[in-house]
Amino acid sequence: MGNSAMKEAIVRGDTSLGIELGSTRIKAVLIDRQYAVAASGTYEWENQLIGGYWTYDLKEMIEGVQAAYQQLKLEVQERYGVTLQRIGSIGCSAMMQGYIVLDQDGELLVPFRTWRNATTAEAAAELTKTFQFKIPERWSIAHLYQAILNHEPHVAGIRYMTTLSGYIHWLLTGNKALGIGDASGMFPVDEAAKQYNEDMVQQFDRLLEGRGYSWTLQEILPKVYTAGEHAGNLHEAGARLLDPSGSLQAGIPLCPPEGDAGTGMVATNSVRRRTGNLSVGTSIFAMFVLERNVSAVYPEIDIVATPEGSPVAMVLANNCTSDLNAWVGLFREFYEAMGQKPDADQLFSVLLGQALEADADGGGLLSYGYYSGENITGLAQGRPLFVRSPQSRFTLANFMRVHLFSAFAALRLGMDILTQQEQVTFQQLTAHGGLFRTPQVGQRICAAALNVPVSVMSNAGEGGAWGIALLAAYMLHKEPDEELADYLSAKVFSEAEGEEVPPDRADVEGFNVYLERYRAGLPIEQAAVDYLVENKWP
């Protein structure tokens, strides 16, 4: 679509806006009817460890959403010469799970507790046993029950519990809604009913008996919606939140808010059964849409849902690229100390490219990029750690390769359960995330680590903001009874460009050698947790 046609579409409001609150970046993307990006805006933010919990400042969240939208609006003005006033539909997405609880006045009762916290082991274990269904530590219900077990006084005042995507959706619409994909990371859902599992809801309420709370679980959970449903309209206060200038018109319909897992599935056209996708960022997770349910409860495997409610096996590792990014930042400091001004993309390209020149196994080096606890390997806390022996081949190439290997290692341990014990098969994974902006490198290492062809689409860098914009467009433009998978395949991805990289045998063998080193070294990481105590280091 040319600039003049895009301008007309923007003036008519024939567009969809996607907003995603990721772990390091808030992004807004405006797309047209051909699903091309008309404009975008971003805002960088970071989580903080405060009072023993990983959290984000939700006041900064509002500032970040406004900043991203303002940047997008300015780009529209500069590129097309018009002020953005009308939008056809909006969707909100964010990091899944975590714990946001509000009182009867809509005020936060405690700071947002993110998915990254590994503080709910007792609650998660008890609920898993009660439900006979895996309840991960990061799920909202685990955070709630742990707060109950801890006798935290705020629990009595809860009137609404939601996720980050549900919270921003509520601020924009006043509607307590959640897409079924994100809802499935709060509490188990029923595939047939497309709602929370009623038997488990009743089981949970029985756990509350005699504790003196005035609410039941169903009363404080958001209403569940599936893809394509209308989940509210942008009210006047929501329009002013997005655009304090007053230009944006209220009344815009919103699709159900979704988690980053669901938008990742959409952005990679991976919502049909037997498809899989991989999302790489601060955390890393792989999603496989199942033909049949798994046969047992596995600590390493979560069961969630697509935005339409189909069951999905999810393997998630809490830690992925944070430590890699930190090391790249160190190299940036050195470059600047030499009087140079590095380009970020070039810096990543040069450093990550070194990994392809390394020894296949990383030269005997070892890394754990554990900024937080790691559920798959059983670490309640994390300490970023780099280890080598005097005999290790300590080169830049091996150093970079090992940090890339480490980003995928915990995920591989979880995926082995699916592929070896449950015999789940898939032909390829479609991956997305900022790591894949550097051509070939992340894709090749990923293919080696997981021993499966990895495809990356040309829009891999757009990620979940584009995915939730697609869900907003689907709500508006789908045909009656048109399923999301058919809509995506026929209308969005029919001419999509992508590149598949198969696993290289030498890389696969090298990663397997590294993985054994990684397993064997886990007691070193545990010792670091035990002896390098936060705020008490000598």
# chains A, B, ... in the order shown; residues from 1 in each chain; ligands from 1
>>> residues_around(residues="Gly259 of chain A", least_positions_apart="4", cutoff="12 Å", atoms="only C-alpha atoms", output="ChimeraX atom specification")
/A:19-23,91-98,115,162-169,178-186,263-266,304-307,464-465,467-468,471
>>> residues_around(residues="Thr377 of chain A", least_positions_apart="6", cutoff="10 Å", atoms="only C-alpha atoms", output="short mmCIF file (atom, residue, chain, number, x, y, z; two decimals) with C-alpha atoms, in the first residue's frame")
data_model
loop_
_atom_site.label_atom_id
_atom_site.label_comp_id
_atom_site.auth_asym_id
_atom_site.auth_seq_id
_atom_site.Cartn_x
_atom_site.Cartn_y
_atom_site.Cartn_z
CA GLU A 300 8.43 -28.96 33.31
CA ALA A 317 12.34 -21.15 31.11
CA ALA A 410 16.93 -24.96 30.21
CA LEU A 411 14.24 -24.94 27.53
CA LEU A 413 15.65 -29.92 29.18
CA GLY A 414 11.91 -29.32 29.32
CA ARG A 519 23.58 -30.46 33.80
CA LEU A 522 24.04 -27.09 38.25
#
>>> residues_around(residues="Ser322 of chain A", least_positions_apart="6", cutoff="8 Å", atoms="only C-alpha atoms", output="JSON, numbers by chain")
{"A": [281, 282, 369, 371]}
>>> write_last_selection(atoms="C-alpha atoms", output="PDB file, in the first residue's frame")
ATOM      1  CA  GLY A 281      13.353 -12.653  25.128  1.00  0.00           C
ATOM      2  CA  THR A 282      13.983 -12.137  28.835  1.00  0.00           C
ATOM      3  CA  GLY A 369      22.241 -16.666  32.746  1.00  0.00           C
ATOM      4  CA  TYR A 371      18.886 -13.537  36.812  1.00  0.00           C
TER       5      TYR A 371
END
>>> closest_atom_pairs(of="segment 232-314 of chain A", to="segment 475-483 of chain A", cutoff="9 Å", atoms="only C-alpha atoms", output="tab-separated table")
residue	atom	partner	partner_atom	distance
A:Pro253	CA	A:Leu476	CA	8.7
A:Leu254	CA	A:Met475	CA	8.4
A:Cys255	CA	A:Met475	CA	6.3
A:Glu308	CA	A:Glu483	CA	8.4
>>> closest_residue(among="A:Ile220, A:Val492, A:Ile90, A:Met287", to="Thr15 of chain A", atoms="only C-alpha atoms")
A:Ile90
>>> closest_residue(among="A:Gln70, A:Asn150, A:Gln249, A:Ser494", to="Leu234 of chain A", atoms="only C-alpha atoms")
A:Gln249
>>> select_by_dssp(residues="segment 262-363 of chain A", states="strand (DSSP E or B)", output="compact mmCIF listing (two decimals) with N, CA and C atoms, in the first residue's frame")
# COMPACT_ATOMS: atom_id res chain seq x y z
N GLY A 276 3.99 -25.37 16.17
CA GLY A 276 4.75 -24.93 17.33
C GLY A 276 5.43 -23.61 17.07
N ASN A 277 5.68 -22.87 18.14
CA ASN A 277 6.41 -21.62 18.00
C ASN A 277 7.28 -21.40 19.21
N LEU A 278 8.24 -20.52 19.03
CA LEU A 278 9.22 -20.24 20.06
C LEU A 278 9.34 -18.74 20.22
N SER A 279 9.26 -18.26 21.46
CA SER A 279 9.40 -16.84 21.76
C SER A 279 10.65 -16.64 22.61
N VAL A 280 11.52 -15.78 22.14
CA VAL A 280 12.82 -15.59 22.79
C VAL A 280 12.94 -14.15 23.26
N ILE A 284 12.11 -17.48 27.84
CA ILE A 284 12.00 -18.21 26.58
C ILE A 284 10.95 -19.29 26.75
N PHE A 285 10.04 -19.40 25.77
CA PHE A 285 9.06 -20.46 25.87
C PHE A 285 8.71 -21.00 24.49
N ALA A 286 8.45 -22.29 24.48
CA ALA A 286 8.02 -22.98 23.27
C ALA A 286 6.58 -23.46 23.49
N MET A 287 5.78 -23.35 22.44
CA MET A 287 4.36 -23.70 22.52
C MET A 287 4.03 -24.72 21.43
N PHE A 288 3.29 -25.76 21.82
CA PHE A 288 2.88 -26.79 20.86
C PHE A 288 1.39 -27.02 21.01
N VAL A 289 0.64 -26.78 19.93
CA VAL A 289 -0.80 -26.99 19.97
C VAL A 289 -1.04 -28.49 19.85
N ASP A 302 3.65 -26.89 31.16
CA ASP A 302 2.41 -26.22 31.51
C ASP A 302 1.38 -26.48 30.41
N ILE A 303 0.13 -26.56 30.79
CA ILE A 303 -0.96 -26.69 29.81
C ILE A 303 -1.75 -25.38 29.81
N VAL A 304 -1.68 -24.69 28.69
CA VAL A 304 -2.40 -23.43 28.53
C VAL A 304 -3.31 -23.54 27.31
N ALA A 305 -3.63 -22.44 26.67
CA ALA A 305 -4.60 -22.48 25.57
C ALA A 305 -4.23 -21.48 24.50
N PRO A 311 -5.97 -26.74 23.55
CA PRO A 311 -4.91 -26.99 24.53
C PRO A 311 -3.52 -26.87 23.92
N VAL A 312 -2.61 -26.33 24.71
CA VAL A 312 -1.24 -26.07 24.27
C VAL A 312 -0.29 -26.56 25.36
N ALA A 313 0.73 -27.30 24.96
CA ALA A 313 1.81 -27.65 25.89
C ALA A 313 2.85 -26.54 25.81
N MET A 314 3.17 -26.00 26.96
CA MET A 314 4.10 -24.86 27.03
C MET A 314 5.29 -25.25 27.89
N VAL A 315 6.47 -25.06 27.34
CA VAL A 315 7.69 -25.24 28.10
C VAL A 315 8.32 -23.86 28.23
N LEU A 316 8.46 -23.39 29.45
CA LEU A 316 8.96 -22.04 29.69
C LEU A 316 10.14 -22.07 30.64
N ALA A 317 11.20 -21.39 30.23
CA ALA A 317 12.34 -21.15 31.11
C ALA A 317 12.35 -19.67 31.48
>>> residues_around(residues="Ala409 of chain A", least_positions_apart="6", cutoff="8 Å", atoms="only C-alpha atoms", output="list in words")
Ala449, Leu515 and Tyr518 of chain A
>>> atom_distance(atom1="atom CA of Leu532 of chain A", atom2="atom CA of Ile135 of chain A")
29.4 Å
>>> select_by_dssp(residues="segment 129-166 of chain A", states="alpha helix (DSSP H)", output="list of chain:residue names")
A:Lys129, A:Thr130, A:Phe131, A:Ser140, A:Ile141, A:Ala142, A:His143, A:Leu144, A:Tyr145, A:Gln146, A:Ala147, A:Ile148, A:Leu149, A:Leu164, A:Ser165, A:Gly166
